[in-house]
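*Asks:* My structure file start26.cif, mmCIF, C-alpha atoms, is below:
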data_data
loop_
_atom_site.label_atom_id
_atom_site.label_comp_id
_atom_site.auth_asym_id
_atom_site.auth_seq_id
_atom_site.Cartn_x
_atom_site.Cartn_y
_atom_site.Cartn_z
CA MET A 1 94.10 97.69 124.78
CA LEU A 2 97.07 97.14 126.99
CA ALA A 3 97.21 100.18 129.23
CA VAL A 4 100.67 101.38 130.16
CA ASP A 5 101.51 104.52 132.10
CA ASP A 6 103.81 106.57 129.92
CA PRO A 7 104.64 110.05 131.23
CA THR A 8 106.14 111.04 127.85
CA VAL A 9 102.74 110.82 126.13
CA LYS A 10 101.11 114.24 125.97
CA GLY A 11 97.59 114.94 124.79
CA GLN A 12 94.22 116.28 125.67
CA GLU A 13 92.35 114.89 128.63
CA ARG A 14 89.57 112.44 127.78
CA PRO A 15 86.19 114.15 128.05
CA LYS A 16 84.39 113.09 131.24
CA ASP A 17 81.32 111.90 129.30
CA MET A 18 83.34 109.75 126.86
CA PRO A 19 83.34 106.05 127.80
CA LYS A 20 86.75 104.57 128.48
CA GLN A 21 88.27 102.01 126.15
CA PRO A 22 88.28 98.48 127.58
CA VAL A 23 91.52 97.40 129.19
CA PHE A 24 92.64 93.78 128.90
CA GLU A 25 94.94 91.96 131.29
CA GLN A 26 98.32 90.91 129.89
CA GLY A 27 97.72 87.34 131.05
CA PRO A 28 100.19 84.45 131.01
CA ILE A 29 103.00 84.23 128.47
CA THR A 30 101.71 82.62 125.29
CA SER A 31 103.51 80.24 122.95
CA GLY A 32 104.62 81.22 119.47
CA GLU A 33 106.16 84.36 118.04
CA TRP A 34 105.47 87.56 119.94
CA ARG A 35 105.44 91.29 119.26
CA CYS A 36 107.15 93.48 121.86
CA ARG A 37 104.72 96.05 123.29
CA THR A 38 107.49 98.57 123.95
CA CYS A 39 108.99 98.37 120.44
CA TYR A 40 105.54 98.36 118.85
CA ALA A 41 104.65 101.62 120.61
CA ASP A 42 107.72 103.27 119.00
CA ARG A 43 107.62 101.38 115.69
CA PHE A 44 107.49 104.49 113.51
CA LYS A 45 110.43 106.10 115.30
CA THR A 46 112.61 102.98 115.25
CA LEU A 47 111.20 101.39 112.05
CA TYR A 48 111.25 98.05 113.85
CA PHE A 49 108.23 95.92 112.90
CA LYS A 50 109.47 92.34 113.40
CA LEU A 51 108.07 89.61 115.61
CA ASN A 52 110.35 87.99 118.17
CA PRO A 53 111.00 84.25 117.86
CA ALA A 54 108.93 82.01 120.16
CA GLU A 55 111.96 80.93 122.17
CA ALA A 56 113.17 84.51 122.82
CA THR A 57 112.78 85.69 126.41
CA VAL A 58 114.36 89.05 125.61
CA CYS A 59 113.21 91.38 122.83
CA GLN A 60 115.44 91.25 119.75
CA GLY A 61 114.43 94.83 118.88
CA PRO A 62 115.86 98.14 120.01
CA CYS A 63 114.47 98.02 123.57
CA LYS A 64 116.26 94.75 124.54
CA LEU A 65 113.87 94.33 127.48
CA SER A 66 112.72 90.99 128.84
CA ARG A 67 109.33 89.84 127.59
CA VAL A 68 107.83 90.19 131.07
CA GLU A 69 109.19 93.73 131.47
CA ALA A 70 108.29 94.96 127.96
CA GLY A 71 104.91 93.27 127.49
CA TRP A 72 103.58 91.65 124.32
CA SER A 73 100.66 91.80 121.92
CA ILE A 74 97.47 90.02 122.89
CA TRP A 75 95.80 88.24 119.97
CA MET A 76 92.02 88.08 120.23
CA GLU A 77 89.34 86.44 118.16
CA TYR A 78 87.06 88.85 116.33
CA ASP A 79 84.01 87.79 118.37
CA LYS A 80 85.77 88.81 121.61
CA LEU A 81 86.70 92.31 120.42
CA PRO A 82 84.86 95.33 121.83
CA PRO A 83 82.37 97.00 119.43
CA LEU A 84 84.68 99.94 118.59
CA GLN A 85 87.55 97.66 117.53
CA LYS A 86 85.12 95.51 115.50
CA ALA A 87 83.88 98.63 113.71
CA VAL A 88 87.45 99.71 112.91
CA LEU A 89 88.27 96.27 111.49
CA ASP A 90 85.00 96.05 109.57
CA ARG A 91 85.69 99.38 107.92
CA ARG A 92 89.36 98.68 107.18
CA GLU A 93 88.92 95.14 105.86
CA ALA A 94 85.61 95.59 104.02
CA PRO A 95 85.39 95.39 100.23
CA LYS A 96 85.71 98.88 98.71
CA ILE A 97 82.10 98.86 97.54
CA LYS A 98 80.92 98.61 101.15
CA ASN A 99 82.94 101.67 102.16
CA ILE A 100 81.49 103.58 99.20
CA LEU A 101 77.94 102.61 100.16
CA TRP A 102 78.56 103.43 103.84
CA THR A 103 79.39 107.02 102.90
CA LYS A 104 75.81 107.39 101.65
CA PHE A 105 74.16 104.93 104.08
CA PRO A 106 76.21 104.91 107.33
CA GLY A 107 75.96 101.67 109.27
CA ALA A 108 73.89 99.90 106.60
CA GLU A 109 73.91 96.10 106.65
CA ILE A 110 75.16 95.22 103.16
CA THR A 111 74.83 91.69 101.80
CA TRP A 112 74.80 90.22 98.30
CA GLU A 113 74.78 86.90 96.56
CA GLU A 114 77.93 85.99 94.71
CA ASP A 115 77.64 85.75 90.95
CA LYS A 116 79.55 82.62 89.94
CA ASP A 117 79.84 83.83 86.33
CA PHE A 118 81.35 87.21 87.23
CA ASP A 119 85.09 87.31 86.51
CA GLY A 120 85.73 90.83 87.82
CA SER A 121 85.96 92.49 84.40
CA PRO A 122 84.01 95.67 83.75
CA PRO A 123 80.91 95.26 81.53
CA SER A 124 82.59 97.09 78.61
CA ALA A 125 85.54 94.66 78.46
#
Reformat the file's structure so that it appears as structure tokens.
*Replies:*
Amino acid sequence: MLAVDDPTVKGQERPKDMPKQPVFEQGPITSGEWRCRTCYADRFKTLYFKLNPAEATVCQGPCKLSRVEAGWSIWMEYDKLPPLQKAVLDRREAPKIKNILWTKFPGAEITWEEDKDFDGSPPSA
């Protein structure tokens, strides 16, 4: 997570015994299209979801801040993600059958062999 002090954010204090989320450094400016951190934080208020072109040094979105001032998304490989973010992605991107099975068997390691003859149709079709 990119931690940014925002005095407008209100919420409950984090419980003292709850471990903190990892914080990643912004790092050097990367090549390619980039997502403005400031606009992304307000994306549901502004309905602005676009990426900025690679050559843009100023956000094309509503904030109009420079890339350095606004911040940008950090893209990470799955293997480098912290366990909590991996779990969120695993759950969100998993085949539906895994989510169904996890409701009965939380955290189960589910594997299967692919059936080359199966075309996805129900047995009664």
*Asks:* I'd like to know which of A:Val68, A:Leu51, A:Ala94, A:Met18 is closest to Thr111 of chain A, using all atoms listed in the file.
*Replies:*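 Closest to Thr111 of chain A of all the choices is A:Ala94.
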*Asks:* Would you translate the PyMOL selection byres ((chain A and resi 110) around 12) into the concrete set of residues it matches in this file, as JSON, numbers by chain?
*Replies:* {"A": [90, 94, 95, 97, 98, 99, 100, 101, 102, 105, 106, 107, 108, 109, 111, 112, 113]}
*Asks:* I need the chosen residues saved as a PDB file, keeping the file's coordinate frame, with C-alpha atoms.
*Replies:*
ATOM      1  CA  ASP A  90      85.000  96.050 109.570  1.00  0.00           C
ATOM      2  CA  ALA A  94      85.610  95.590 104.020  1.00  0.00           C
ATOM      3  CA  PRO A  95      85.390  95.390 100.230  1.00  0.00           C
ATOM      4  CA  ILE A  97      82.100  98.860  97.540  1.00  0.00           C
ATOM      5  CA  LYS A  98      80.920  98.610 101.150  1.00  0.00           C
ATOM      6  CA  ASN A  99      82.940 101.670 102.160  1.00  0.00           C
ATOM      7  CA  ILE A 100      81.490 103.580  99.200  1.00  0.00           C
ATOM      8  CA  LEU A 101      77.940 102.610 100.160  1.00  0.00           C
ATOM      9  CA  TRP A 102      78.560 103.430 103.840  1.00  0.00           C
ATOM     10  CA  PHE A 105      74.160 104.930 104.080  1.00  0.00           C
ATOM     11  CA  PRO A 106      76.210 104.910 107.330  1.00  0.00           C
ATOM     12  CA  GLY A 107      75.960 101.670 109.270  1.00  0.00           C
ATOM     13  CA  ALA A 108      73.890  99.900 106.600  1.00  0.00           C
ATOM     14  CA  GLU A 109      73.910  96.100 106.650  1.00  0.00           C
ATOM     15  CA  THR A 111      74.830  91.690 101.800  1.00  0.00           C
ATOM     16  CA  TRP A 112      74.800  90.220  98.300  1.00  0.00           C
ATOM     17  CA  GLU A 113      74.780  86.900  96.560  1.00  0.00           C
TER      18      GLU A 113
END
*Asks:* Please evaluate the PyMOL selection byres ((chain A and resi 57) around 12) against the displayed coordinates and give the resulting residues as a list in words.
*Replies:* Ile29, Thr30, Ser31, Gly32, Glu33, Trp34, Arg35, Cys36, Asn52, Pro53, Ala54, Glu55, Ala56, Val58, Cys59, Gln60, Gly61, Lys64, Leu65, Ser66, Arg67, Val68, Glu69, Ala70, Gly71 and Trp72 of chain A
*Asks:* Have a look at A:Lys96, A:Pro28, A:Thr46, A:Ala87 and name the one nearest to Ser73 of chain A; count only C-alpha atoms.
*Replies:*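 Among the listed residues, A:Pro28 lies closest to Ser73 of chain A.
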*Asks:* Using only C-alpha atoms, which residues sit within 12 Å of Leu84 of chain A once same-chain residues fewer than 3 positions away are excluded, as an NGL selection string?
*Replies:* :A and (1 or 19-22 or 78 or 80-81 or 87-91)
*Asks:* Can you measure atom CA of Cys39 of chain A to atom CA of Asp6 of chain A for me? One decimal in Å is fine.
*Replies:*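 Taking atom CA of Cys39 of chain A as the start and atom CA of Asp6 of chain A as the end point, the length is 13.6 Å.
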